Amino acid sequence: MDSPWYRSLAKAAIAGEILPHETYSTLLQDNSIELLSLIDAAFTVRKHFHGKTVTVHIINNVSNGLCSEDCNYCPQSKSSNAEIVEYPEKSKEEILEEARQAYEAGAYRYCMVYAGRRPSQKRTGRIADLVKTIKAQYPIEVCVSAGIMDENSTNMLKQAGLDRLNHNLNTSPAQYAKICTTHTFADRFKTLKAARSAGLEVCSGIIAGMGESAEELIELALMLRDLEAKSIPINFLLPIPGNKLETAQSLTPEYCLKILCLFRFINPQAEIRTAAGREYHLRSLEVMSLYPANSLFMDGYLNTRGKSRKETLQMIIDAGFTIKSDKSAKELLLREGKRIPRENSAAPDLKSDTELHPTRQEGLS
Ligand code: SF4
């Protein structure tokens with residue numbers, strides 16, 4: 001592909017236009033795609049709408065495991081034998097203290113996640129109460145993920161001051177029955193519609209690596225565009241031992257970055273978040289995800305650890321990005337007890353004699 005091809009991707013996205021389906025298919029599948037040129041085009045779009053800021057999200061498992069659903073990628077499912085710590089619901093005090101800590105850690109958004117098919121009326125009432133209290137105490141955005149919801153529930157949460165409701169589409173309509181049999185793609189879609197009609201922002205994303213085709217990824221990106229999703233977490237399947245779906249379809253770091261670029265071009269204004277699997281699948285190319293995406297999770301994911309807070313902040317600073325917060329990433333890093341790069345006085349590790357002569361045998365000079 002020549003330079004004008006990459007430029008046309010950025011130009012169309014900034015103008016709010018959708019290109020022919022084949023263009024997106026080429027982007028994902030054609031071996032002649034130059035990754036750096038593609039990322040540069042996606043970065044042009046990201047910069048246009050989001051500058052060089054990163055929104056940091058911290059996720060809280062308010063309840064963990066014991067879920068009646070059989071989503072085969074999820075360690076919280078009744079069908080999983082993964083060895084996670086299970087608990088029904090944290091206390092109000094614990095959740096509020098964790099909200100405070102998230103705010104102090106520079107989180108732009110605090111995400112409260114509940115396992116389960118759908119929340120009872122009582123649970124919805126408790127969530128509404130928590131949202132009200134958090135919003136009154138901290139200047140932080142709040143997102144809730146609590147399963148299937150109808151309009152009564154989404155209206156109640158909107159009135160309590162909730163900013164966003166998360167419910168991931170996860171995979172394409174055609175793949176859905178292969179990853180879950182206890183609820184449908186349509187159930188998920190209806191919840192997102194209920195969130196929209198209550199005036200809540202929609203946060204909905206995918207888990208790549210569950211057997212979907214490139215065409216299906218494009219379909220999902222277009223569906224999220226139609227839903228006007230303000231926030232799109234892109235997860236890459238983590239093969240957790242004990243889960244029914246233990247093996248991720250081969251996701252290379254390059255393909256993961258292409259997926260992030262695809263979602264940026266089709267949803268140019270959305271907050272695209274590199275979510276679970278960032279460290280595991282992107283490996284040495286992890287920092288490159290900041291160019292198409294403008295958001296990430298800090299402090300790990302629901303049941304899996306991620307990079308440390310220090311490493312995440314350091315990566316953001318090293319790449320020349322800033323965080324969307326009333327605190328700077330440098331200030332937060334210093335609070336973590338780490339010096340920022342230019343002031344780094346730690347001496348580099350010097351090699352020993354043996355390391356300098358790996359083939360020299362003992363006793364020989
Ligand atoms: S409904 Fe949510 S918590 Fe329950 S198994 Fe599915 S993804 Fe996991």
# chains A, B, ... in the order shown; residues from 1 in each chain; ligands from 1
$ select_by_dssp --residues "segment 30-117 of chain A" --states "strand (DSSP E or B)" --output "list in words"
Thr53, Val54, Thr55, Val56, His57, Ile58, Ile59, Asn60, Asn61, Asn64, Cys67, Ser77, Tyr87, Arg109, Tyr110, Cys111, Met112 and Val113 of chain A
$ write_last_selection --atoms "N, CA and C atoms" --output "compact mmCIF listing (two decimals), in the first residue's frame"
# COMPACT_ATOMS: atom_id res chain seq x y z
N THR A 53 -3.60 12.65 25.21
CA THR A 53 -3.99 12.28 26.58
C THR A 53 -4.43 10.82 26.63
N VAL A 54 -4.24 10.25 27.81
CA VAL A 54 -4.65 8.86 28.05
C VAL A 54 -5.62 8.88 29.23
N THR A 55 -6.78 8.24 29.06
CA THR A 55 -7.67 8.12 30.22
C THR A 55 -7.38 6.78 30.88
N VAL A 56 -7.10 6.87 32.17
CA VAL A 56 -6.73 5.68 32.94
C VAL A 56 -7.97 5.19 33.69
N HIS A 57 -8.27 3.92 33.53
CA HIS A 57 -9.42 3.34 34.22
C HIS A 57 -8.93 2.34 35.26
N ILE A 58 -9.59 2.34 36.39
CA ILE A 58 -9.30 1.32 37.40
C ILE A 58 -10.59 0.54 37.65
N ILE A 59 -10.46 -0.76 37.58
CA ILE A 59 -11.62 -1.64 37.63
C ILE A 59 -11.73 -2.28 39.02
N ASN A 60 -12.95 -2.43 39.47
CA ASN A 60 -13.17 -3.05 40.78
C ASN A 60 -14.16 -4.20 40.65
N ASN A 61 -13.74 -5.38 41.03
CA ASN A 61 -14.66 -6.53 41.05
C ASN A 61 -15.52 -6.42 42.29
N ASN A 64 -17.45 -11.27 42.74
CA ASN A 64 -16.54 -12.07 41.91
C ASN A 64 -16.95 -13.54 41.88
N CYS A 67 -21.13 -17.03 39.16
CA CYS A 67 -22.05 -16.55 38.13
C CYS A 67 -22.79 -17.71 37.46
N SER A 77 -17.49 -17.79 35.57
CA SER A 77 -18.64 -18.57 35.14
C SER A 77 -18.76 -19.88 35.91
N TYR A 87 -16.49 -14.20 45.86
CA TYR A 87 -17.23 -13.54 46.95
C TYR A 87 -18.49 -12.91 46.36
N ARG A 109 -11.68 7.29 35.50
CA ARG A 109 -12.96 6.59 35.63
C ARG A 109 -12.81 5.39 36.56
N TYR A 110 -13.83 5.20 37.37
CA TYR A 110 -13.87 4.08 38.31
C TYR A 110 -14.95 3.13 37.79
N CYS A 111 -14.57 1.89 37.55
CA CYS A 111 -15.51 0.94 36.94
C CYS A 111 -15.89 -0.12 37.97
N MET A 112 -17.16 -0.17 38.31
CA MET A 112 -17.62 -1.18 39.27
C MET A 112 -18.26 -2.33 38.49
N VAL A 113 -17.70 -3.51 38.67
CA VAL A 113 -18.15 -4.65 37.87
C VAL A 113 -18.74 -5.72 38.78
$ residues_near_ligand --ligand "ligand 1" --cutoff "9 Å" --atoms "only C-alpha atoms and all ligand atoms" --output "PyMOL selection string"
chain A and resi 63-80+113-118+145-148+167-168+180+182-183
$ atom_distance --atom1 "atom CA of Ala186 of chain A" --atom2 "atom CA of Ile272 of chain A"
23.1 Å
$ select_by_dssp --residues "segment 20-158 of chain A" --states "helix (DSSP H, G or I)" --output "PyMOL selection string"
chain A and resi 21-29+35-50+92-104+121-137+151-158
$ atom_distance --atom1 "atom CA of Asp40 of chain A" --atom2 "atom CA of Ser328 of chain A"
25.5 Å
$ closest_residue --among "A:Leu9, A:Ala221, A:Ile317, A:Ala214" --to "Ser37 of chain A" --atoms "only C-alpha atoms"
A:Leu9
$ residues_around --residues "Tyr291 of chain A" --least-positions-apart "3" --cutoff "7 Å" --atoms "only C-alpha atoms" --output "CSV table (one decimal) with C-alpha atoms, in the first residue's frame"
chain,number,residue,atom,x,y,z
A,39,ILE,CA,-0.4,3.2,13.2
A,42,ALA,CA,-4.6,5.9,13.3
A,43,PHE,CA,-2.5,8.2,15.5
A,288,MET,CA,2.5,1.1,20.4
$ residues_around --residues "Tyr255 of chain A" --least-positions-apart "4" --cutoff "9 Å" --atoms "only C-alpha atoms" --output "PyMOL selection string"
chain A and resi 28-29+251+259-260
$ write_last_selection --atoms "N, CA and C atoms" --output "mmCIF file, in the first residue's frame"
data_model
loop_
_atom_site.group_PDB
_atom_site.id
_atom_site.type_symbol
_atom_site.label_atom_id
_atom_site.label_comp_id
_atom_site.auth_asym_id
_atom_site.auth_seq_id
_atom_site.Cartn_x
_atom_site.Cartn_y
_atom_site.Cartn_z
ATOM 1 N N LEU A 28 -6.798 -5.406 7.839
ATOM 2 C CA LEU A 28 -6.567 -6.498 8.788
ATOM 3 C C LEU A 28 -5.806 -7.669 8.178
ATOM 4 N N GLN A 29 -6.030 -7.893 6.868
ATOM 5 C CA GLN A 29 -5.570 -9.177 6.328
ATOM 6 C C GLN A 29 -4.459 -9.140 5.292
ATOM 7 N N LEU A 251 -3.148 -14.709 18.174
ATOM 8 C CA LEU A 251 -3.144 -13.255 18.098
ATOM 9 C C LEU A 251 -1.686 -12.819 18.160
ATOM 10 N N ILE A 259 -6.107 -4.451 14.936
ATOM 11 C CA ILE A 259 -7.492 -4.404 15.450
ATOM 12 C C ILE A 259 -7.752 -3.041 16.107
ATOM 13 N N LEU A 260 -6.795 -2.582 16.907
ATOM 14 C CA LEU A 260 -6.977 -1.272 17.554
ATOM 15 C C LEU A 260 -7.108 -0.164 16.500
#
$ closest_residue --among "A:Glu271, A:Asp2, A:Asp129, A:Glu254" --to "Lys47 of chain A" --atoms "only C-alpha atoms"
A:Glu271
$ atom_distance --atom1 "atom CA of Ile232 of chain A" --atom2 "atom CA of Ser25 of chain A"
19.8 Å
$ decode --residues "segment 68-184 of chain A" --atoms "C-alpha atoms" --output "compact mmCIF listing (two decimals), in the first residue's frame"
# COMPACT_ATOMS: atom_id res chain seq x y z
CA SER A 68 -24.95 -18.55 36.70
CA GLU A 69 -23.92 -17.83 33.10
CA ASP A 70 -21.69 -20.08 31.02
CA CYS A 71 -19.54 -17.57 29.10
CA ASN A 72 -16.69 -19.90 28.24
CA TYR A 73 -13.95 -17.24 28.32
CA CYS A 74 -14.78 -16.11 31.84
CA PRO A 75 -13.25 -17.51 35.06
CA GLN A 76 -16.29 -16.27 37.00
CA SER A 77 -18.64 -18.57 35.14
CA LYS A 78 -20.23 -21.63 36.71
CA SER A 79 -18.68 -23.57 33.82
CA SER A 80 -15.12 -22.57 34.71
CA ASN A 81 -12.74 -24.44 37.01
CA ALA A 82 -10.36 -21.52 37.22
CA GLU A 83 -9.03 -20.99 40.70
CA ILE A 84 -10.28 -17.51 41.44
CA VAL A 85 -11.27 -15.99 44.77
CA GLU A 86 -15.07 -15.90 44.90
CA TYR A 87 -17.23 -13.54 46.95
CA PRO A 88 -20.82 -12.35 46.59
CA GLU A 89 -20.57 -8.56 47.06
CA LYS A 90 -18.15 -6.20 48.79
CA SER A 91 -19.41 -3.95 51.56
CA LYS A 92 -20.36 -0.36 50.83
CA GLU A 93 -17.42 0.84 52.97
CA GLU A 94 -14.94 -1.26 51.00
CA ILE A 95 -16.25 -0.08 47.63
CA LEU A 96 -16.17 3.57 48.71
CA GLU A 97 -12.64 3.27 50.07
CA GLU A 98 -11.55 1.69 46.78
CA ALA A 99 -13.20 4.54 44.87
CA ARG A 100 -11.17 7.00 46.94
CA GLN A 101 -7.99 5.07 46.21
CA ALA A 102 -8.77 4.97 42.48
CA TYR A 103 -9.27 8.74 42.46
CA GLU A 104 -6.02 9.29 44.37
CA ALA A 105 -4.21 7.01 41.90
CA GLY A 106 -5.21 9.30 39.01
CA ALA A 107 -8.06 7.23 37.60
CA TYR A 108 -10.30 9.23 35.31
CA ARG A 109 -12.96 6.59 35.63
CA TYR A 110 -13.87 4.08 38.31
CA CYS A 111 -15.51 0.94 36.94
CA MET A 112 -17.62 -1.18 39.27
CA VAL A 113 -18.15 -4.65 37.87
CA TYR A 114 -20.66 -7.18 39.19
CA ALA A 115 -20.70 -10.83 38.13
CA GLY A 116 -24.06 -12.32 37.29
CA ARG A 117 -26.76 -12.56 34.67
CA ARG A 118 -28.75 -9.53 35.79
CA PRO A 119 -28.90 -7.48 39.00
CA SER A 120 -31.89 -7.87 41.32
CA GLN A 121 -33.92 -4.76 42.10
CA LYS A 122 -32.24 -4.63 45.50
CA ARG A 123 -28.78 -4.78 43.94
CA THR A 124 -29.71 -2.07 41.43
CA GLY A 125 -30.83 0.08 44.37
CA ARG A 126 -27.50 -0.50 46.12
CA ILE A 127 -25.60 0.38 42.94
CA ALA A 128 -27.61 3.60 42.57
CA ASP A 129 -26.81 4.52 46.18
CA LEU A 130 -23.09 3.88 45.62
CA VAL A 131 -23.03 5.94 42.44
CA LYS A 132 -24.69 8.88 44.23
CA THR A 133 -22.20 8.74 47.09
CA ILE A 134 -19.11 8.41 44.88
CA LYS A 135 -20.20 11.23 42.59
CA ALA A 136 -20.82 13.48 45.60
CA GLN A 137 -17.40 12.75 47.09
CA TYR A 138 -14.95 12.65 44.16
CA PRO A 139 -14.63 14.35 40.77
CA ILE A 140 -14.41 10.99 39.05
CA GLU A 141 -16.43 9.42 36.26
CA VAL A 142 -18.28 6.25 37.20
CA CYS A 143 -19.07 3.27 35.02
CA VAL A 144 -21.08 0.20 36.06
CA SER A 145 -21.12 -3.26 34.54
CA ALA A 146 -23.79 -5.46 36.10
CA GLY A 147 -25.21 -7.74 33.44
CA ILE A 148 -28.49 -7.57 31.56
CA MET A 149 -30.62 -4.51 32.38
CA ASP A 150 -33.97 -3.12 31.31
CA GLU A 151 -34.99 0.51 31.01
CA ASN A 152 -36.29 0.75 34.59
CA SER A 153 -32.86 -0.15 35.91
CA THR A 154 -30.91 2.03 33.51
CA ASN A 155 -33.22 4.98 34.28
CA MET A 156 -32.67 4.49 38.00
CA LEU A 157 -28.88 4.51 37.54
CA LYS A 158 -29.02 7.55 35.30
CA GLN A 159 -30.98 9.43 37.94
CA ALA A 160 -28.39 8.44 40.53
CA GLY A 161 -25.74 10.20 38.41
CA LEU A 162 -24.15 7.26 36.62
CA ASP A 163 -22.07 8.35 33.62
CA ARG A 164 -21.68 5.11 31.71
CA LEU A 165 -23.01 1.62 31.54
CA ASN A 166 -20.73 -1.14 30.33
CA HIS A 167 -21.96 -4.27 28.63
CA ASN A 168 -19.59 -5.79 26.11
CA LEU A 169 -20.79 -7.26 22.84
CA ASN A 170 -17.76 -9.55 23.11
CA THR A 171 -18.10 -11.27 19.78
CA SER A 172 -20.20 -11.29 16.63
CA PRO A 173 -23.86 -12.41 16.54
CA ALA A 174 -22.82 -15.49 14.54
CA GLN A 175 -20.17 -16.53 17.08
CA TYR A 176 -22.17 -15.77 20.19
CA ALA A 177 -23.79 -19.16 20.72
CA LYS A 178 -20.32 -20.73 20.61
CA ILE A 179 -19.11 -18.72 23.58
CA CYS A 180 -22.28 -18.64 25.69
CA THR A 181 -25.59 -20.51 25.77
CA THR A 182 -27.29 -18.95 28.80
CA HIS A 183 -27.95 -15.59 27.18
CA THR A 184 -27.86 -14.26 23.64
